[in-house]
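Q: The following file, target.json, comprises JSON, C-alpha atoms and all ligand atoms:
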```json
[["chain", "number", "residue", "atom", "x", "y", "z"],
["A", 4, "MET", "CA", 62.78, 97.52, 59.52],
["A", 5, "GLN", "CA", 61.65, 93.95, 59.09],
["A", 6, "ASP", "CA", 59.09, 94.04, 61.90],
["A", 7, "LEU", "CA", 56.94, 96.46, 59.87],
["A", 8, "LYS", "CA", 56.09, 93.69, 57.42],
["A", 9, "GLY", "CA", 52.44, 92.71, 57.72],
["A", 10, "LYS", "CA", 51.54, 95.50, 60.14],
["A", 11, "ILE", "CA", 48.24, 97.23, 59.41],
["A", 12, "ALA", "CA", 48.45, 101.02, 59.16],
["A", 13, "LEU", "CA", 45.87, 103.71, 58.61],
["A", 14, "VAL", "CA", 47.41, 106.66, 56.78],
["A", 15, "THR", "CA", 45.36, 109.85, 56.58],
["A", 16, "GLY", "CA", 46.16, 113.13, 54.84],
["A", 17, "ILE", "CA", 47.12, 112.18, 51.28],
["A", 18, "ALA", "CA", 45.96, 114.97, 48.97],
["A", 19, "ASN", "CA", 48.58, 114.62, 46.24],
["A", 20, "LYS", "CA", 52.17, 113.45, 45.60],
["A", 21, "ARG", "CA", 53.60, 116.34, 47.59],
["A", 22, "SER", "CA", 51.71, 115.37, 50.76],
["A", 23, "ILE", "CA", 53.87, 114.29, 53.68],
["A", 24, "ALA", "CA", 51.43, 111.39, 54.12],
["A", 25, "TYR", "CA", 52.12, 110.27, 50.53],
["A", 26, "ALA", "CA", 55.82, 109.87, 51.33],
["A", 27, "ILE", "CA", 54.92, 108.04, 54.56],
["A", 28, "ALA", "CA", 52.61, 105.61, 52.73],
["A", 29, "GLN", "CA", 55.34, 105.07, 50.13],
["A", 30, "ASP", "CA", 57.92, 104.28, 52.81],
["A", 31, "PHE", "CA", 55.51, 101.99, 54.67],
["A", 32, "ALA", "CA", 54.75, 100.12, 51.43],
["A", 33, "ARG", "CA", 58.48, 99.56, 50.89],
["A", 34, "TYR", "CA", 58.62, 97.78, 54.26],
["A", 35, "GLY", "CA", 55.60, 95.58, 53.51],
["A", 36, "VAL", "CA", 53.07, 97.43, 55.67],
["A", 37, "ARG", "CA", 49.44, 96.64, 54.81],
["A", 38, "LEU", "CA", 47.92, 100.02, 54.05],
["A", 39, "VAL", "CA", 44.55, 101.58, 54.65],
["A", 40, "ILE", "CA", 44.32, 105.02, 53.07],
["A", 41, "ALA", "CA", 41.71, 107.51, 54.33],
["A", 42, "TYR", "CA", 41.26, 110.55, 52.10],
["A", 43, "GLN", "CA", 39.24, 113.76, 52.41],
["A", 44, "PRO", "CA", 36.33, 113.33, 49.98],
["A", 45, "PHE", "CA", 35.70, 117.06, 49.35],
["A", 46, "GLY", "CA", 32.10, 116.06, 48.59],
["A", 47, "LYS", "CA", 33.18, 114.61, 45.22],
["A", 48, "ASP", "CA", 32.82, 111.00, 44.05],
["A", 49, "SER", "CA", 35.78, 111.55, 41.72],
["A", 50, "GLU", "CA", 38.12, 111.94, 44.70],
["A", 51, "GLU", "CA", 38.20, 108.17, 45.28],
["A", 52, "GLN", "CA", 39.37, 107.56, 41.69],
["A", 53, "LYS", "CA", 42.05, 110.23, 42.08],
["A", 54, "ILE", "CA", 43.41, 108.73, 45.31],
["A", 55, "LYS", "CA", 43.13, 105.19, 43.92],
["A", 56, "LYS", "CA", 45.32, 106.14, 40.96],
["A", 57, "LEU", "CA", 47.73, 108.13, 43.14],
["A", 58, "THR", "CA", 48.32, 105.28, 45.60],
["A", 59, "ALA", "CA", 48.05, 102.28, 43.25],
["A", 60, "ASP", "CA", 51.78, 101.46, 43.60],
["A", 61, "PHE", "CA", 51.38, 101.08, 47.38],
["A", 62, "ARG", "CA", 48.64, 98.44, 46.92],
["A", 63, "PRO", "CA", 46.35, 99.76, 49.65],
["A", 64, "GLU", "CA", 43.92, 97.12, 50.92],
["A", 65, "LEU", "CA", 41.24, 99.70, 51.74],
["A", 66, "LEU", "CA", 40.45, 103.23, 50.57],
["A", 67, "ILE", "CA", 38.06, 105.07, 52.85],
["A", 68, "PRO", "CA", 36.60, 108.59, 52.67],
["A", 69, "LEU", "CA", 37.22, 110.44, 55.94],
["A", 70, "ASP", "CA", 36.02, 113.83, 57.09],
["A", 71, "ALA", "CA", 37.97, 114.66, 60.24],
["A", 72, "ALA", "CA", 35.36, 117.28, 61.11],
["A", 73, "SER", "CA", 32.70, 114.57, 61.43],
["A", 74, "PRO", "CA", 32.69, 112.22, 64.46],
["A", 75, "LYS", "CA", 30.43, 109.87, 62.47],
["A", 76, "SER", "CA", 32.90, 109.69, 59.61],
["A", 77, "ILE", "CA", 35.79, 108.96, 62.00],
["A", 78, "LEU", "CA", 33.85, 106.09, 63.60],
["A", 79, "ALA", "CA", 32.86, 104.76, 60.17],
["A", 80, "THR", "CA", 36.50, 104.76, 59.02],
["A", 81, "ILE", "CA", 37.73, 102.75, 61.99],
["A", 82, "GLY", "CA", 34.60, 100.60, 61.74],
["A", 83, "GLN", "CA", 35.62, 99.54, 58.23],
["A", 84, "ILE", "CA", 39.10, 98.60, 59.45],
["A", 85, "LYS", "CA", 37.59, 96.57, 62.29],
["A", 86, "LYS", "CA", 35.32, 94.76, 59.86],
["A", 87, "LYS", "CA", 38.11, 93.88, 57.42],
["A", 88, "PHE", "CA", 41.06, 93.18, 59.74],
["A", 89, "GLY", "CA", 39.76, 93.12, 63.33],
["A", 90, "ARG", "CA", 42.96, 94.90, 64.41],
["A", 91, "MET", "CA", 45.43, 97.61, 63.45],
["A", 92, "HIS", "CA", 48.92, 98.61, 64.54],
["A", 93, "VAL", "CA", 49.71, 102.08, 63.22],
["A", 94, "LEU", "CA", 47.74, 105.32, 62.91],
["A", 95, "VAL", "CA", 49.17, 108.25, 60.98],
["A", 96, "HIS", "CA", 47.30, 111.50, 61.59],
["A", 97, "SER", "CA", 48.53, 113.92, 58.93],
["A", 98, "ILE", "CA", 45.59, 116.29, 58.91],
["A", 99, "ALA", "CA", 45.42, 120.05, 59.36],
["A", 100, "GLY", "CA", 42.85, 122.60, 58.34],
["A", 101, "ALA", "CA", 42.15, 126.28, 58.89],
["A", 102, "LYS", "CA", 40.40, 129.09, 57.08],
["A", 103, "ARG", "CA", 42.79, 130.74, 54.66],
["A", 104, "GLU", "CA", 42.03, 134.20, 56.05],
["A", 105, "GLU", "CA", 43.24, 133.10, 59.50],
["A", 106, "LEU", "CA", 46.72, 132.35, 58.11],
["A", 107, "ALA", "CA", 47.58, 135.96, 57.38],
["A", 108, "GLY", "CA", 47.44, 139.23, 59.23],
["A", 109, "ARG", "CA", 47.14, 139.73, 62.96],
["A", 110, "PHE", "CA", 46.57, 136.83, 65.35],
["A", 111, "VAL", "CA", 44.54, 139.14, 67.57],
["A", 112, "ASP", "CA", 41.85, 139.15, 64.85],
["A", 113, "THR", "CA", 41.35, 135.37, 64.99],
["A", 114, "SER", "CA", 37.61, 134.59, 64.89],
["A", 115, "LEU", "CA", 35.98, 132.12, 67.27],
["A", 116, "GLU", "CA", 34.68, 130.14, 64.33],
["A", 117, "GLY", "CA", 38.13, 129.99, 62.71],
["A", 118, "TYR", "CA", 39.78, 129.08, 66.00],
["A", 119, "LEU", "CA", 37.36, 126.22, 66.73],
["A", 120, "LEU", "CA", 37.58, 124.89, 63.18],
["A", 121, "ALA", "CA", 41.39, 124.75, 63.29],
["A", 122, "GLN", "CA", 41.27, 123.05, 66.69],
["A", 123, "GLN", "CA", 38.69, 120.49, 65.64],
["A", 124, "ILE", "CA", 40.31, 119.44, 62.38],
["A", 125, "SER", "CA", 43.96, 119.76, 63.37],
["A", 126, "ALA", "CA", 44.02, 118.77, 67.06],
["A", 127, "TYR", "CA", 40.77, 117.25, 68.33],
["A", 128, "SER", "CA", 40.57, 114.78, 65.44],
["A", 129, "LEU", "CA", 43.72, 113.09, 66.79],
["A", 130, "ILE", "CA", 41.87, 112.32, 70.02],
["A", 131, "GLU", "CA", 38.81, 111.03, 68.19],
["A", 132, "LEU", "CA", 40.78, 108.85, 65.79],
["A", 133, "THR", "CA", 42.95, 107.45, 68.58],
["A", 134, "ARG", "CA", 39.94, 106.70, 70.80],
["A", 135, "ALA", "CA", 38.28, 104.81, 67.97],
["A", 136, "ALA", "CA", 41.47, 102.95, 66.96],
["A", 137, "ARG", "CA", 42.56, 102.01, 70.51],
["A", 138, "PRO", "CA", 40.42, 98.83, 70.85],
["A", 139, "LEU", "CA", 41.95, 97.50, 67.63],
["A", 140, "MET", "CA", 45.49, 98.04, 68.99],
["A", 141, "LEU", "CA", 45.04, 96.49, 72.43],
["A", 142, "GLU", "CA", 46.09, 92.95, 71.56],
["A", 143, "GLU", "CA", 49.33, 93.60, 69.71],
["A", 144, "GLY", "CA", 50.21, 97.17, 70.73],
["A", 145, "GLY", "CA", 50.25, 100.20, 68.52],
["A", 146, "SER", "CA", 51.98, 103.34, 67.34],
["A", 147, "VAL", "CA", 50.05, 106.56, 66.78],
["A", 148, "MET", "CA", 51.76, 109.53, 65.18],
["A", 149, "THR", "CA", 50.82, 113.01, 64.09],
["A", 150, "LEU", "CA", 52.50, 115.93, 62.33],
["A", 151, "SER", "CA", 53.20, 119.16, 64.15],
["A", 152, "TYR", "CA", 55.21, 122.31, 63.45],
["A", 153, "ILE", "CA", 57.49, 124.59, 65.46],
["A", 154, "GLY", "CA", 54.85, 127.33, 65.17],
["A", 155, "SER", "CA", 53.34, 125.52, 68.21],
["A", 156, "MET", "CA", 56.02, 127.00, 70.46],
["A", 157, "ARG", "CA", 57.54, 129.93, 68.56],
["A", 158, "VAL", "CA", 55.79, 132.86, 66.98],
["A", 159, "THR", "CA", 55.92, 132.12, 63.24],
["A", 160, "THR", "CA", 54.76, 134.84, 60.88],
["A", 161, "ASN", "CA", 51.21, 134.17, 59.60],
["A", 162, "TYR", "CA", 50.97, 130.73, 61.23],
["A", 163, "ASN", "CA", 48.55, 132.30, 63.73],
["A", 164, "VAL", "CA", 45.59, 130.04, 64.49],
["A", 165, "MET", "CA", 47.56, 126.95, 63.45],
["A", 166, "GLY", "CA", 50.12, 127.79, 66.13],
["A", 167, "SER", "CA", 47.40, 127.40, 68.76],
["A", 168, "ALA", "CA", 46.14, 124.21, 67.11],
["A", 169, "LYS", "CA", 49.63, 122.66, 66.99],
["A", 170, "ALA", "CA", 50.26, 123.60, 70.64],
["A", 171, "ALA", "CA", 47.04, 121.76, 71.54],
["A", 172, "LEU", "CA", 48.02, 118.86, 69.29],
["A", 173, "GLU", "CA", 51.36, 118.42, 71.05],
["A", 174, "ALA", "CA", 49.65, 118.50, 74.46],
["A", 175, "ASN", "CA", 47.19, 115.89, 73.15],
["A", 176, "VAL", "CA", 50.13, 113.69, 72.20],
["A", 177, "ARG", "CA", 51.50, 113.79, 75.76],
["A", 178, "TYR", "CA", 48.13, 113.09, 77.40],
["A", 179, "LEU", "CA", 47.23, 110.29, 74.98],
["A", 180, "ALA", "CA", 50.66, 108.74, 75.50],
["A", 181, "HIS", "CA", 50.12, 108.86, 79.25],
["A", 182, "ASP", "CA", 46.67, 107.25, 78.98],
["A", 183, "MET", "CA", 47.70, 104.37, 76.78],
["A", 184, "GLY", "CA", 51.31, 103.66, 77.73],
["A", 185, "GLU", "CA", 50.38, 100.66, 79.87],
["A", 186, "GLU", "CA", 48.47, 99.25, 76.92],
["A", 187, "ASN", "CA", 51.63, 99.34, 74.80],
["A", 188, "ILE", "CA", 50.19, 102.01, 72.55],
["A", 189, "ARG", "CA", 52.72, 104.77, 71.87],
["A", 190, "VAL", "CA", 51.83, 108.28, 70.70],
["A", 191, "ASN", "CA", 54.30, 110.74, 69.20],
["A", 192, "ALA", "CA", 54.49, 113.78, 66.96],
["A", 193, "ILE", "CA", 56.94, 114.50, 64.17],
["A", 194, "SER", "CA", 57.73, 118.19, 63.79],
["A", 195, "PRO", "CA", 59.22, 118.72, 60.33],
["A", 196, "GLY", "CA", 60.74, 121.82, 58.89],
["A", 197, "PRO", "CA", 58.68, 123.49, 56.16],
["A", 198, "VAL", "CA", 58.00, 121.62, 52.92],
["A", 199, "ARG", "CA", 56.05, 122.83, 49.89],
["A", 200, "THR", "CA", 52.67, 121.12, 50.08],
["A", 201, "LEU", "CA", 49.04, 122.06, 49.49],
["A", 202, "SER", "CA", 48.51, 122.98, 53.17],
["A", 203, "ALA", "CA", 51.69, 125.02, 53.24],
["A", 204, "SER", "CA", 50.57, 127.04, 50.22],
["A", 205, "GLY", "CA", 47.71, 128.38, 52.38],
["A", 206, "ILE", "CA", 50.15, 130.18, 54.68],
["A", 207, "LYS", "CA", 50.90, 133.70, 53.52],
["A", 208, "ASP", "CA", 54.60, 134.21, 52.60],
["A", 209, "PHE", "CA", 55.38, 130.51, 53.09],
["A", 210, "LEU", "CA", 58.49, 130.87, 50.88],
["A", 211, "PHE", "CA", 59.99, 133.07, 53.57],
["A", 212, "LEU", "CA", 59.61, 130.23, 56.11],
["A", 213, "LEU", "CA", 61.36, 127.86, 53.71],
["A", 214, "HIS", "CA", 64.18, 130.33, 53.21],
["A", 215, "GLN", "CA", 64.56, 131.06, 56.92],
["A", 216, "SER", "CA", 64.60, 127.38, 57.84],
["A", 217, "ARG", "CA", 67.24, 126.67, 55.19],
["A", 218, "GLU", "CA", 69.50, 129.55, 56.24],
["A", 219, "LEU", "CA", 69.22, 129.05, 60.02],
["A", 220, "SER", "CA", 69.29, 125.24, 60.23],
["A", 221, "ALA", "CA", 72.43, 123.32, 61.07],
["A", 222, "LEU", "CA", 72.22, 121.33, 57.82],
["A", 223, "LYS", "CA", 71.76, 124.54, 55.77],
["A", 224, "ARG", "CA", 69.00, 123.01, 53.68],
["A", 225, "ASN", "CA", 65.32, 122.17, 53.82],
["A", 226, "VAL", "CA", 64.24, 118.65, 54.69],
["A", 227, "THR", "CA", 62.54, 116.29, 52.23],
["A", 228, "THR", "CA", 59.28, 114.40, 52.67],
["A", 229, "ASP", "CA", 61.31, 111.18, 52.40],
["A", 230, "GLU", "CA", 63.31, 112.18, 55.48],
["A", 231, "ILE", "CA", 60.08, 112.81, 57.36],
["A", 232, "ALA", "CA", 58.72, 109.47, 56.15],
["A", 233, "HIS", "CA", 61.80, 107.57, 57.37],
["A", 234, "THR", "CA", 61.13, 108.97, 60.85],
["A", 235, "ALA", "CA", 57.51, 107.81, 60.57],
["A", 236, "SER", "CA", 58.69, 104.28, 59.69],
["A", 237, "PHE", "CA", 61.04, 104.35, 62.69],
["A", 238, "LEU", "CA", 58.17, 105.42, 64.96],
["A", 239, "ALA", "CA", 55.92, 102.71, 63.51],
["A", 240, "SER", "CA", 58.53, 100.01, 64.11],
["A", 241, "SER", "CA", 59.73, 98.40, 67.33],
["A", 242, "LEU", "CA", 63.09, 100.19, 66.89],
["A", 243, "SER", "CA", 61.35, 103.11, 68.66],
["A", 244, "SER", "CA", 59.73, 100.93, 71.37],
["A", 245, "GLY", "CA", 60.97, 103.14, 74.22],
["A", 246, "ILE", "CA", 59.75, 106.41, 72.72],
["A", 247, "THR", "CA", 56.34, 107.88, 73.52],
["A", 248, "GLY", "CA", 54.78, 111.27, 74.25],
["A", 249, "GLN", "CA", 57.53, 113.02, 72.27],
["A", 250, "VAL", "CA", 57.74, 115.68, 69.61],
["A", 251, "ILE", "CA", 60.56, 114.66, 67.28],
["A", 252, "PHE", "CA", 62.04, 117.39, 65.12],
["A", 253, "VAL", "CA", 62.98, 116.56, 61.54],
["A", 254, "ASP", "CA", 64.10, 120.04, 60.60],
["A", 255, "GLY", "CA", 67.84, 119.90, 59.98],
["A", 256, "GLY", "CA", 68.42, 121.24, 63.49],
["A", 257, "TYR", "CA", 66.53, 124.49, 62.93],
["A", 258, "ASN", "CA", 64.77, 124.33, 66.33],
["A", 259, "ASN", "CA", 68.08, 124.87, 68.14],
["A", 260, "TYR", "CA", 68.58, 128.34, 66.68],
["A", 261, "GLY", "CA", 67.02, 131.58, 67.86],
["B", 301, "LIG", "N1", 54.15, 121.32, 54.81],
["B", 301, "LIG", "C1", 54.78, 121.76, 55.88],
["B", 301, "LIG", "O1", 55.63, 122.66, 55.81],
["B", 301, "LIG", "C2", 54.49, 121.17, 57.23],
["B", 301, "LIG", "C3", 55.40, 121.37, 58.27],
["B", 301, "LIG", "C4", 55.12, 120.83, 59.53],
["B", 301, "LIG", "C5", 53.94, 120.10, 59.71],
["B", 301, "LIG", "N2", 53.09, 119.92, 58.68],
["B", 301, "LIG", "C6", 51.85, 119.17, 58.94],
["B", 301, "LIG", "O2", 51.84, 117.99, 58.17],
["B", 301, "LIG", "C7", 50.49, 117.55, 58.03],
["B", 301, "LIG", "C8", 50.23, 117.22, 56.57],
["B", 301, "LIG", "O3", 50.26, 118.40, 55.79],
["B", 301, "LIG", "P1", 51.01, 118.49, 54.39],
["B", 301, "LIG", "O4", 52.00, 119.56, 54.49],
["B", 301, "LIG", "O5", 51.40, 117.14, 53.91],
["B", 301, "LIG", "O6", 49.86, 119.10, 53.44],
["B", 301, "LIG", "P2", 48.70, 118.38, 52.62],
["B", 301, "LIG", "O7", 47.79, 119.48, 52.21],
["B", 301, "LIG", "O8", 49.23, 117.53, 51.56],
["B", 301, "LIG", "O9", 47.99, 117.46, 53.72],
["B", 301, "LIG", "C9", 47.02, 117.93, 54.62],
["B", 301, "LIG", "C10", 45.90, 116.92, 54.57],
["B", 301, "LIG", "O10", 44.90, 117.24, 55.53],
["B", 301, "LIG", "C11", 43.70, 116.76, 54.96],
["B", 301, "LIG", "N3", 42.53, 117.33, 55.61],
["B", 301, "LIG", "C12", 42.26, 118.65, 55.86],
["B", 301, "LIG", "N4", 41.02, 118.75, 56.41],
["B", 301, "LIG", "C13", 40.53, 117.49, 56.51],
["B", 301, "LIG", "C14", 39.31, 116.95, 56.95],
["B", 301, "LIG", "N5", 38.32, 117.72, 57.43],
["B", 301, "LIG", "N6", 39.15, 115.59, 56.91],
["B", 301, "LIG", "C15", 40.12, 114.79, 56.45],
["B", 301, "LIG", "N7", 41.30, 115.25, 55.99],
["B", 301, "LIG", "C16", 41.49, 116.58, 56.02],
["B", 301, "LIG", "C17", 43.78, 117.21, 53.50],
["B", 301, "LIG", "O11", 42.88, 116.51, 52.68],
["B", 301, "LIG", "C18", 45.22, 116.87, 53.19],
["B", 301, "LIG", "O12", 45.33, 115.57, 52.67],
["B", 301, "LIG", "C19", 49.63, 118.68, 58.58],
["B", 301, "LIG", "O13", 49.26, 118.39, 59.91],
["B", 301, "LIG", "C20", 50.57, 119.86, 58.55],
["B", 301, "LIG", "O14", 50.23, 120.88, 59.48],
["B", 301, "LIG", "C21", 53.33, 120.43, 57.44]]
```
Step by step, read the file and then write its structure as structure tokens.
Ligand SMILES: NC(=O)c1ccc[n+]([C@@H]2O[C@H](COP(=O)([O-])OP(=O)(O)OC[C@H]3O[C@@H](n4cnc5c(N)ncnc54)[C@H](O)[C@@H]3O)[C@@H](O)[C@H]2O)c1

A:
Amino acid sequence: MQDLKGKIALVTGIANKRSIAYAIAQDFARYGVRLVIAYQPFGKDSEEQKIKKLTADFRPELLIPLDAASPKSILATIGQIKKKFGRMHVLVHSIAGAKREELAGRFVDTSLEGYLLAQQISAYSLIELTRAARPLMLEEGGSVMTLSYIGSMRVTTNYNVMGSAKAALEANVRYLAHDMGEENIRVNAISPGPVRTLSASGIKDFLFLLHQSRELSALKRNVTTDEIAHTASFLASSLSSGITGQVIFVDGGYNNYG
């Protein structure tokens, strides 16, 4: 994917080496993408050092703290990219958040506070980040991508409030794609099968989801973060130039089975 060389990409959502975003940044770096990494600061100065060490091999040109629950922080992140590069080509939104207690038990007990929090961090932040990034993509076109999950459309045990958030996220993808298609900015979602990450560990009985996905998928195995990352590189490149407003499954075919 030669045309990725020199493109400027903002990758969000790296918490550790297991993060899907880590594999995406690694793949992008392989293709010569110029990386900006935005990490959740967790209110700790030490977080920057941790992420710096974690991503050193990818030679990121900027490391920026980003709180997706803060409109100011989102604007500041894109503002730093504007100041340094004046443009960007790729936005990877790999952010999800919910209260742990909402990812267990009965969906009917979802609190308003928990519902709004999951929506803001996991779905609305895509709109805010895209709105801020759009002016920097207008000249050369852009590719925006986010990460969803099949719990958006099928009842998935304990996924609860995140199911609503992912359903909203996928609708956001379609509406954003519609808005910006004429500006040559594409917007898509990747919907991977389950992988063991920090976020996933917050879902009660997550191992059952892994097992079920392995047993019921066509490939009879779970997918790897590298496989998800290869799809992200495809979506970032011009090889996917005709694809927008889509949810692309990387789940070994699991979504075809009942
Ligand atoms: N792991 C899976 O099985 C799976 C399957 C399908 C989709 N996904 C999605 O993939 C994406 C990445 O998750 P992951 O599995 O790599 O887990 P992860 O925990 O490694 O990544 C989630 C990231 O979201 C970030 N985040 C949460 N709240 C934030 C905030 N307020 N501001 C900024 N960043 C914030 C965290 O810091 C973390 O880096 C999520 O959208 C998740 O729902 C995961």

Q: Give me the residues within 8 Å of Ala135 of chain A as a VMD selection string, counting all atoms listed in the file and dropping any in the same chain fewer than 5 places off.

A: chain A and resid 77 to 78 81

Q: Mind checking which residues fall within 12 Å of Tyr127 of chain A, counting all atoms listed in the file, ignoring those fewer than 2 positions away in the same chain, and posting them as a PyMOL selection string?

A: chain A and resi 71-74+77+96+98-100+119-125+129-134+149+168-176+179

Q: Ranking A:Leu106, A:Ala18, A:Ile27, A:Leu57 by minimum distance to Phe209 of chain A and counting all atoms listed in the file, which one comes first?

A: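 The answer is A:Leu106, which sits nearest to Phe209 of chain A.
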
Q: In terms of the shortest atom-to-atom distance over all atoms listed in the file, which of A:Thr80, A:Ser22, A:Thr15, A:Thr113 is closest to Leu201 of chain A?

A: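 Selected residue with least distance to Leu201 of chain A: A:Ser22.
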
Q: Smallest atom-to-atom distance to ligand LIG 301 (chain B): which of A:Ser216, A:Asn19, A:Thr58, A:Ser146, using all atoms listed in the file?

A: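 Closest to ligand LIG 301 (chain B), using all atoms listed in the file: A:Asn19.
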
Q: By how many Å are atom CA of Leu141 of chain A and atom CA of Ala79 of chain A apart?

A: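 Interatomic distance here is 19.2 Å.
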
Q: I need the residue nearest Gly16 of chain A from this list: A:Thr159, A:Ser202, A:Gln215, A:Ser243. Use all atoms listed in the file for the distance.

A: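 Smallest separation from Gly16 of chain A among the options: A:Ser202.
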
Q: Here is a test: counting all atoms listed in the file, which residue of A:Ile67, A:Leu242, A:Ala136, A:Val198 is nearest to Val226 of chain A?

A: A:Val198

Q: Counting all atoms listed in the file, what is within 12 Å of Pro68 of chain A, bar same-chain residues fewer than 5 positions away, as number ranges by chain?

A: A: 14-18, 39-52, 54-55, 73, 75-81, 83

Q: I need the residue nearest ligand LIG 301 (chain B) from this list: A:Lys10, A:Lys56, A:Arg224, A:Arg199. Use only C-alpha atoms and all ligand atoms for the distance.

A: A:Arg199

Q: What's around Val93 of chain A at 6 Å? Count only C-alpha atoms, leave out sequence neighbours fewer than 6 positions away in its own chain, and write the answer as an NGL selection string.

A: :A and (12 or 145-147)

Q: Would you pick out the contacts of Lys207 of chain A at 10 Å or less, using all atoms listed in the file, so that residues sharing its chain but fewer than 2 positions from it are not included, and give the list as a ChimeraX atom specification?

A: /A:103-108,160-162,203-205,209-212

Q: Kindly extract all protein, DNA and RNA residues lying within 10 Å of the coordinates (45.7, 96.7, 71.6) given in the file, considering only C-alpha atoms, and supply them as a ChimeraX atom specification.

A: /A:90-92,136-145,183,186-188

Q: Calculate how many Å separate atom C16 of ligand LIG 301 (chain B) from atom CA of Lys20 of chain A, rounding to one decimal.

A: 15.2 Å

Q: Please indicate the distance in Å from atom CA of Ala32 of chain A to atom CA of Gln249 of chain A, rounded to one decimal place.

A: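 One can read the atom CA of Ala32 of chain A to atom CA of Gln249 of chain A distance as 24.7 Å.
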
Q: Using only C-alpha atoms - which residues lie no farther than 7 Å from the point (52.3, 107.0, 70.1) in the file's frame? Write them as a PDB file with C-alpha atoms, in the coordinates of the input.

A:
```pdb
ATOM      1  CA  SER A 146      51.980 103.340  67.340  1.00  0.00           C
ATOM      2  CA  VAL A 147      50.050 106.560  66.780  1.00  0.00           C
ATOM      3  CA  MET A 148      51.760 109.530  65.180  1.00  0.00           C
ATOM      4  CA  ALA A 180      50.660 108.740  75.500  1.00  0.00           C
ATOM      5  CA  ILE A 188      50.190 102.010  72.550  1.00  0.00           C
ATOM      6  CA  ARG A 189      52.720 104.770  71.870  1.00  0.00           C
ATOM      7  CA  VAL A 190      51.830 108.280  70.700  1.00  0.00           C
ATOM      8  CA  ASN A 191      54.300 110.740  69.200  1.00  0.00           C
ATOM      9  CA  THR A 247      56.340 107.880  73.520  1.00  0.00           C
ATOM     10  CA  GLY A 248      54.780 111.270  74.250  1.00  0.00           C
TER      11      GLY A 248
END
```
